[in-house]
Amino acid sequence: MQPFIYNALPARVIFGWGTSSQAAAEVRALGCSKVLVLTTPQQVASGEAVKATLGELGAGIYSNATMHTPMSVTLDAMAMVEKLGVDCVIAVGGGSTIGLGKAIALKSDGRIKQIVIPTTYAGSEATPIIGQSETDANGQTLKTTQKTTKVLPQVIIYDIDLSMTLPAQMTVTSGLNSIAHAVEALYAPEANPIHSSLAEQGITSIARSIPAIIKNSQDKDARSDALFGAWCGGTVLGAVGMSLHHKLCHTLGGSFGMPHAETHTVILPHAVAYNEPYAKVAIGRVAKALGVENAAQGLFDLAKDNGAPYSLQALGFKEEDLEKAADIAAKAPYPNPAPLDKEKLLKLLTNAYHGTRPE
């Protein structure tokens, strides 16, 4: 056994069927009395259902959560927080809504408590990480990421019932987004046997669930597996550092407006192939968890065979922006098994653009 350091983040996790009905009790346990429910415009109905269970605790709904957590949206939501005098937010949804809840907690310096009810497999509910985007004076959008326990939700309520209607393609891309967290945790500098074991469980659970959900979207065991895998992925994402894959995805999302989960889905096989020569043991564990010989090819096939996008071109990325993206990704140093070389990164992105299956 190699030496290691293990840090556990504080969290209360409730997992099961119909568990969102427990939200009011959790609000009271936090000592809070006025709640703002957060959703995207597409998930207002889910937010209304949760608010209905809160009774007199429910102060209102803010339904403009937006991808990449724009600062303008956060400030708009904060105005409603202050107007209503809320002391708790409940984020009902995926990464966009959870990100807004975290931004509100950060803006309030932790005064506003958070409960999260995830409806996708993004896993960000289990992390002390927040990514925010802002447009500068030149009209350029840049995404910044920071890690602070001020944004860590106090309670996560996993209600499998709320994930049953997640569309098939979103299930695949959101699931692969979670697998990406687990993959990078296995070769992170802070890797330890506890989180590595959890990462492998997460990969196996989601990889097993995706084909089953595509076959039958109402498969309760598969939906349960997927949500458990999401918690595994989010937990390891919050505990250890991320590397090349996440840096590339943040570059593509923050600077080029690419969709979050879909970009993770496309980039992951190529990032794994890039790092494999320098992280053979870790990526061998990924292959084993997937039940395949080659991890990069297995991840590519898992996306393609289940109807997910597998090229940046299909996501609307412009070929002429490949060089700029490689340049941004190569500039800031960050831990990664393989050395960061701009030309090799450009090749990675070019393969991802064309949807070339890794060799």
# chains A, B, ... in the order shown; residues from 1 in each chain; ligands from 1
call {"tool": "residues_around", "arguments": {"residues": "Leu349 of chain A", "least_positions_apart": "2", "cutoff": "9 Å", "atoms": "only C-alpha atoms", "output": "PDB file with N, CA, C and O atoms, in the first residue's frame"}}
result
ATOM      1  N   LEU A 248      -9.710  21.143 -20.407  1.00  0.00           N
ATOM      2  CA  LEU A 248     -10.174  21.306 -21.783  1.00  0.00           C
ATOM      3  C   LEU A 248     -11.664  21.641 -21.832  1.00  0.00           C
ATOM      4  O   LEU A 248     -12.094  22.521 -22.586  1.00  0.00           O
ATOM      5  N   ILE A 267     -14.923  14.879 -25.260  1.00  0.00           N
ATOM      6  CA  ILE A 267     -13.498  15.027 -24.939  1.00  0.00           C
ATOM      7  C   ILE A 267     -12.929  13.845 -24.164  1.00  0.00           C
ATOM      8  O   ILE A 267     -11.761  13.459 -24.354  1.00  0.00           O
ATOM      9  N   HIS A 270     -10.625  11.052 -25.657  1.00  0.00           N
ATOM     10  CA  HIS A 270      -9.376  11.587 -26.213  1.00  0.00           C
ATOM     11  C   HIS A 270      -8.414  12.029 -25.107  1.00  0.00           C
ATOM     12  O   HIS A 270      -7.197  11.871 -25.237  1.00  0.00           O
ATOM     13  N   LEU A 312     -16.849  17.256 -31.680  1.00  0.00           N
ATOM     14  CA  LEU A 312     -17.072  18.678 -31.411  1.00  0.00           C
ATOM     15  C   LEU A 312     -17.791  19.341 -32.574  1.00  0.00           C
ATOM     16  O   LEU A 312     -18.555  20.286 -32.387  1.00  0.00           O
ATOM     17  N   LEU A 322      -9.924  25.691 -33.143  1.00  0.00           N
ATOM     18  CA  LEU A 322      -9.149  24.623 -32.514  1.00  0.00           C
ATOM     19  C   LEU A 322      -7.799  25.122 -31.992  1.00  0.00           C
ATOM     20  O   LEU A 322      -7.399  24.809 -30.866  1.00  0.00           O
ATOM     21  N   GLU A 323      -7.113  25.900 -32.792  1.00  0.00           N
ATOM     22  CA  GLU A 323      -5.791  26.420 -32.409  1.00  0.00           C
ATOM     23  C   GLU A 323      -5.895  27.293 -31.162  1.00  0.00           C
ATOM     24  O   GLU A 323      -5.091  27.180 -30.232  1.00  0.00           O
ATOM     25  N   ALA A 325      -8.217  27.235 -28.864  1.00  0.00           N
ATOM     26  CA  ALA A 325      -8.557  26.400 -27.706  1.00  0.00           C
ATOM     27  C   ALA A 325      -7.327  25.677 -27.171  1.00  0.00           C
ATOM     28  O   ALA A 325      -7.111  25.598 -25.952  1.00  0.00           O
ATOM     29  N   ALA A 326      -6.510  25.150 -28.067  1.00  0.00           N
ATOM     30  CA  ALA A 326      -5.284  24.459 -27.643  1.00  0.00           C
ATOM     31  C   ALA A 326      -4.343  25.431 -26.944  1.00  0.00           C
ATOM     32  O   ALA A 326      -3.690  25.082 -25.950  1.00  0.00           O
ATOM     33  N   LYS A 344       0.413  18.583 -29.322  1.00  0.00           N
ATOM     34  CA  LYS A 344      -0.285  17.334 -29.001  1.00  0.00           C
ATOM     35  C   LYS A 344      -1.717  17.614 -28.548  1.00  0.00           C
ATOM     36  O   LYS A 344      -2.643  16.846 -28.839  1.00  0.00           O
ATOM     37  N   LEU A 345      -1.899  18.734 -27.840  1.00  0.00           N
ATOM     38  CA  LEU A 345      -3.248  19.124 -27.430  1.00  0.00           C
ATOM     39  C   LEU A 345      -4.099  19.489 -28.654  1.00  0.00           C
ATOM     40  O   LEU A 345      -5.291  19.177 -28.714  1.00  0.00           O
ATOM     41  N   LEU A 346      -3.458  20.133 -29.626  1.00  0.00           N
ATOM     42  CA  LEU A 346      -4.174  20.477 -30.859  1.00  0.00           C
ATOM     43  C   LEU A 346      -4.598  19.209 -31.597  1.00  0.00           C
ATOM     44  O   LEU A 346      -5.716  19.123 -32.120  1.00  0.00           O
ATOM     45  N   LYS A 347      -3.726  18.202 -31.594  1.00  0.00           N
ATOM     46  CA  LYS A 347      -4.079  16.932 -32.230  1.00  0.00           C
ATOM     47  C   LYS A 347      -5.247  16.265 -31.498  1.00  0.00           C
ATOM     48  O   LYS A 347      -6.173  15.735 -32.117  1.00  0.00           O
ATOM     49  N   ASN A 351      -8.826  15.496 -33.269  1.00  0.00           N
ATOM     50  CA  ASN A 351      -9.466  14.173 -33.269  1.00  0.00           C
ATOM     51  C   ASN A 351     -10.875  14.255 -32.679  1.00  0.00           C
ATOM     52  O   ASN A 351     -11.814  13.634 -33.186  1.00  0.00           O
ATOM     53  N   ALA A 352     -11.003  15.046 -31.597  1.00  0.00           N
ATOM     54  CA  ALA A 352     -12.318  15.209 -30.965  1.00  0.00           C
ATOM     55  C   ALA A 352     -13.266  15.963 -31.897  1.00  0.00           C
ATOM     56  O   ALA A 352     -14.472  15.673 -31.942  1.00  0.00           O
ATOM     57  N   TYR A 353     -12.731  16.918 -32.632  1.00  0.00           N
ATOM     58  CA  TYR A 353     -13.568  17.683 -33.569  1.00  0.00           C
ATOM     59  C   TYR A 353     -14.156  16.775 -34.642  1.00  0.00           C
ATOM     60  O   TYR A 353     -15.343  16.856 -34.955  1.00  0.00           O
ATOM     61  N   HIS A 354     -13.334  15.891 -35.171  1.00  0.00           N
ATOM     62  CA  HIS A 354     -13.786  15.010 -36.250  1.00  0.00           C
ATOM     63  C   HIS A 354     -14.493  13.760 -35.744  1.00  0.00           C
ATOM     64  O   HIS A 354     -15.088  13.024 -36.546  1.00  0.00           O
TER      65      HIS A 354
END
call {"tool": "closest_atom_pairs", "arguments": {"of": "segment 122-160 of chain A", "to": "segment 82-102 of chain A", "cutoff": "8 Å", "atoms": "only C-alpha atoms", "output": "tab-separated table"}}
result
residue	atom	partner	partner_atom	distance
A:Ala122	CA	A:Gly95	CA	5.9
A:Gly123	CA	A:Gly95	CA	7.7
A:Ser124	CA	A:Gly95	CA	6.3
A:Glu125	CA	A:Ile98	CA	6.3
A:Ile130	CA	A:Gly99	CA	6.4
A:Gly131	CA	A:Gly99	CA	7.2
A:Gln132	CA	A:Gly99	CA	7.9
A:Val151	CA	A:Lys102	CA	4.7
A:Leu152	CA	A:Lys102	CA	7.1
A:Pro153	CA	A:Lys102	CA	7.5
call {"tool": "residues_around", "arguments": {"residues": "segment 133-141 of chain A", "least_positions_apart": "6", "cutoff": "9 Å", "atoms": "only C-alpha atoms", "output": "JSON, numbers by chain"}}
result
{"A": [68, 69, 70, 71, 72, 254, 255, 256, 257]}
call {"tool": "write_last_selection", "arguments": {"atoms": "all heavy atoms", "output": "mmCIF file, in the first residue's frame"}}
result
data_model
loop_
_atom_site.group_PDB
_atom_site.id
_atom_site.type_symbol
_atom_site.label_atom_id
_atom_site.label_comp_id
_atom_site.auth_asym_id
_atom_site.auth_seq_id
_atom_site.Cartn_x
_atom_site.Cartn_y
_atom_site.Cartn_z
ATOM 1 N N HIS A 68 -23.211 27.477 -17.164
ATOM 2 C CA HIS A 68 -21.938 28.150 -16.876
ATOM 3 C C HIS A 68 -22.069 29.260 -15.833
ATOM 4 O O HIS A 68 -21.139 30.050 -15.640
ATOM 5 C CB HIS A 68 -21.276 28.696 -18.145
ATOM 6 C CG HIS A 68 -21.028 27.652 -19.194
ATOM 7 N ND1 HIS A 68 -20.377 26.466 -18.923
ATOM 8 C CD2 HIS A 68 -21.358 27.611 -20.511
ATOM 9 C CE1 HIS A 68 -20.307 25.740 -20.037
ATOM 10 N NE2 HIS A 68 -20.903 26.396 -21.007
ATOM 11 N N THR A 69 -23.223 29.344 -15.154
ATOM 12 C CA THR A 69 -23.437 30.270 -14.035
ATOM 13 C C THR A 69 -22.944 31.687 -14.337
ATOM 14 O O THR A 69 -21.980 32.181 -13.730
ATOM 15 C CB THR A 69 -22.738 29.738 -12.745
ATOM 16 O OG1 THR A 69 -22.946 28.334 -12.649
ATOM 17 C CG2 THR A 69 -23.297 30.403 -11.502
ATOM 18 N N PRO A 70 -23.602 32.389 -15.268
ATOM 19 C CA PRO A 70 -23.204 33.774 -15.568
ATOM 20 C C PRO A 70 -23.376 34.664 -14.340
ATOM 21 O O PRO A 70 -24.358 34.552 -13.598
ATOM 22 C CB PRO A 70 -24.175 34.199 -16.677
ATOM 23 C CG PRO A 70 -24.750 32.928 -17.207
ATOM 24 C CD PRO A 70 -24.746 31.952 -16.072
ATOM 25 N N MET A 71 -22.432 35.571 -14.128
ATOM 26 C CA MET A 71 -22.491 36.465 -12.982
ATOM 27 C C MET A 71 -23.752 37.327 -13.010
ATOM 28 O O MET A 71 -24.328 37.637 -11.962
ATOM 29 C CB MET A 71 -21.244 37.355 -12.962
ATOM 30 C CG MET A 71 -21.074 38.134 -11.675
ATOM 31 S SD MET A 71 -20.752 37.062 -10.243
ATOM 32 C CE MET A 71 -19.067 36.570 -10.589
ATOM 33 N N SER A 72 -24.208 37.683 -14.204
ATOM 34 C CA SER A 72 -25.412 38.516 -14.318
ATOM 35 C C SER A 72 -26.639 37.808 -13.752
ATOM 36 O O SER A 72 -27.493 38.429 -13.105
ATOM 37 C CB SER A 72 -25.660 38.893 -15.784
ATOM 38 O OG SER A 72 -25.798 37.723 -16.583
ATOM 39 N N GLY A 254 -16.263 27.702 -21.178
ATOM 40 C CA GLY A 254 -16.167 29.091 -20.743
ATOM 41 C C GLY A 254 -15.807 30.066 -21.844
ATOM 42 O O GLY A 254 -16.315 31.188 -21.891
ATOM 43 N N SER A 255 -14.936 29.662 -22.757
ATOM 44 C CA SER A 255 -14.457 30.582 -23.791
ATOM 45 C C SER A 255 -15.181 30.445 -25.122
ATOM 46 O O SER A 255 -15.124 31.352 -25.961
ATOM 47 C CB SER A 255 -12.949 30.377 -24.017
ATOM 48 O OG SER A 255 -12.224 30.660 -22.839
ATOM 49 N N PHE A 256 -15.858 29.314 -25.336
ATOM 50 C CA PHE A 256 -16.501 29.090 -26.633
ATOM 51 C C PHE A 256 -17.986 28.737 -26.513
ATOM 52 O O PHE A 256 -18.643 28.455 -27.519
ATOM 53 C CB PHE A 256 -15.772 27.977 -27.407
ATOM 54 C CG PHE A 256 -14.324 28.295 -27.673
ATOM 55 C CD1 PHE A 256 -13.337 27.860 -26.803
ATOM 56 C CD2 PHE A 256 -13.954 29.057 -28.770
ATOM 57 C CE1 PHE A 256 -11.999 28.162 -27.025
ATOM 58 C CE2 PHE A 256 -12.613 29.357 -29.014
ATOM 59 C CZ PHE A 256 -11.637 28.913 -28.136
ATOM 60 N N GLY A 257 -18.512 28.730 -25.275
ATOM 61 C CA GLY A 257 -19.940 28.511 -25.067
ATOM 62 C C GLY A 257 -20.431 27.117 -25.389
ATOM 63 O O GLY A 257 -21.611 26.918 -25.675
#
call {"tool": "closest_residue", "arguments": {"among": "A:Ala295, A:Leu252, A:Val172, A:Ala180", "to": "Glu359 of chain A", "atoms": "only C-alpha atoms"}}
result
A:Ala295
call {"tool": "residues_around", "arguments": {"residues": "Ala188 of chain A", "least_positions_apart": "2", "cutoff": "9 Å", "atoms": "only C-alpha atoms", "output": "PyMOL selection string"}}
result
chain A and resi 184-186+190-192+240-243+335-337
call {"tool": "select_by_dssp", "arguments": {"residues": "segment 71-147 of chain A", "states": "strand (DSSP E)", "output": "PyMOL selection string"}}
result
chain A and resi 88-93+113-118+129-135+141-147
call {"tool": "residues_around", "arguments": {"residues": "Asp305 of chain A", "least_positions_apart": "4", "cutoff": "9 Å", "atoms": "only C-alpha atoms", "output": "list in words"}}
result
Pro211, Phe300 and Asp301 of chain A
call {"tool": "closest_residue", "arguments": {"among": "A:Val155, A:Ala105, A:Ala303, A:Leu198", "to": "Ala24 of chain A", "atoms": "only C-alpha atoms"}}
result
A:Val155
call {"tool": "closest_residue", "arguments": {"among": "A:Ile213, A:Ile160, A:Ala282, A:Ala239", "to": "Ile14 of chain A", "atoms": "only C-alpha atoms"}}
result
A:Ile160
call {"tool": "residues_around", "arguments": {"residues": "Ala279 of chain A", "least_positions_apart": "3", "cutoff": "8 Å", "atoms": "only C-alpha atoms", "output": "count of residues only"}}
result
7
call {"tool": "residues_around", "arguments": {"residues": "Gln169 of chain A", "least_positions_apart": "4", "cutoff": "7 Å", "atoms": "only C-alpha atoms", "output": "VMD selection string"}}
result
chain A and resid 173 307 to 308
call {"tool": "atom_distance", "arguments": {"atom1": "atom CA of Lys143 of chain A", "atom2": "atom CA of Val37 of chain A"}}
result
24.9 Å
call {"tool": "closest_residue", "arguments": {"among": "A:Ala182, A:Lys280, A:Trp231, A:Gly58", "to": "Arg12 of chain A", "atoms": "only C-alpha atoms"}}
result
A:Trp231
call {"tool": "closest_residue", "arguments": {"among": "A:Lys304, A:His260, A:Arg208, A:Lys342", "to": "Thr66 of chain A", "atoms": "only C-alpha atoms"}}
result
A:His260
call {"tool": "atom_distance", "arguments": {"atom1": "atom CA of Gly229 of chain A", "atom2": "atom CA of Ala207 of chain A"}}
result
9.0 Å
call {"tool": "select_by_dssp", "arguments": {"residues": "segment 150-283 of chain A", "states": "helix (DSSP H, G or I)", "output": "ChimeraX atom specification"}}
result
/A:150-151,160-163,168-186,193-215,220-239,244-256,260-278,280-283
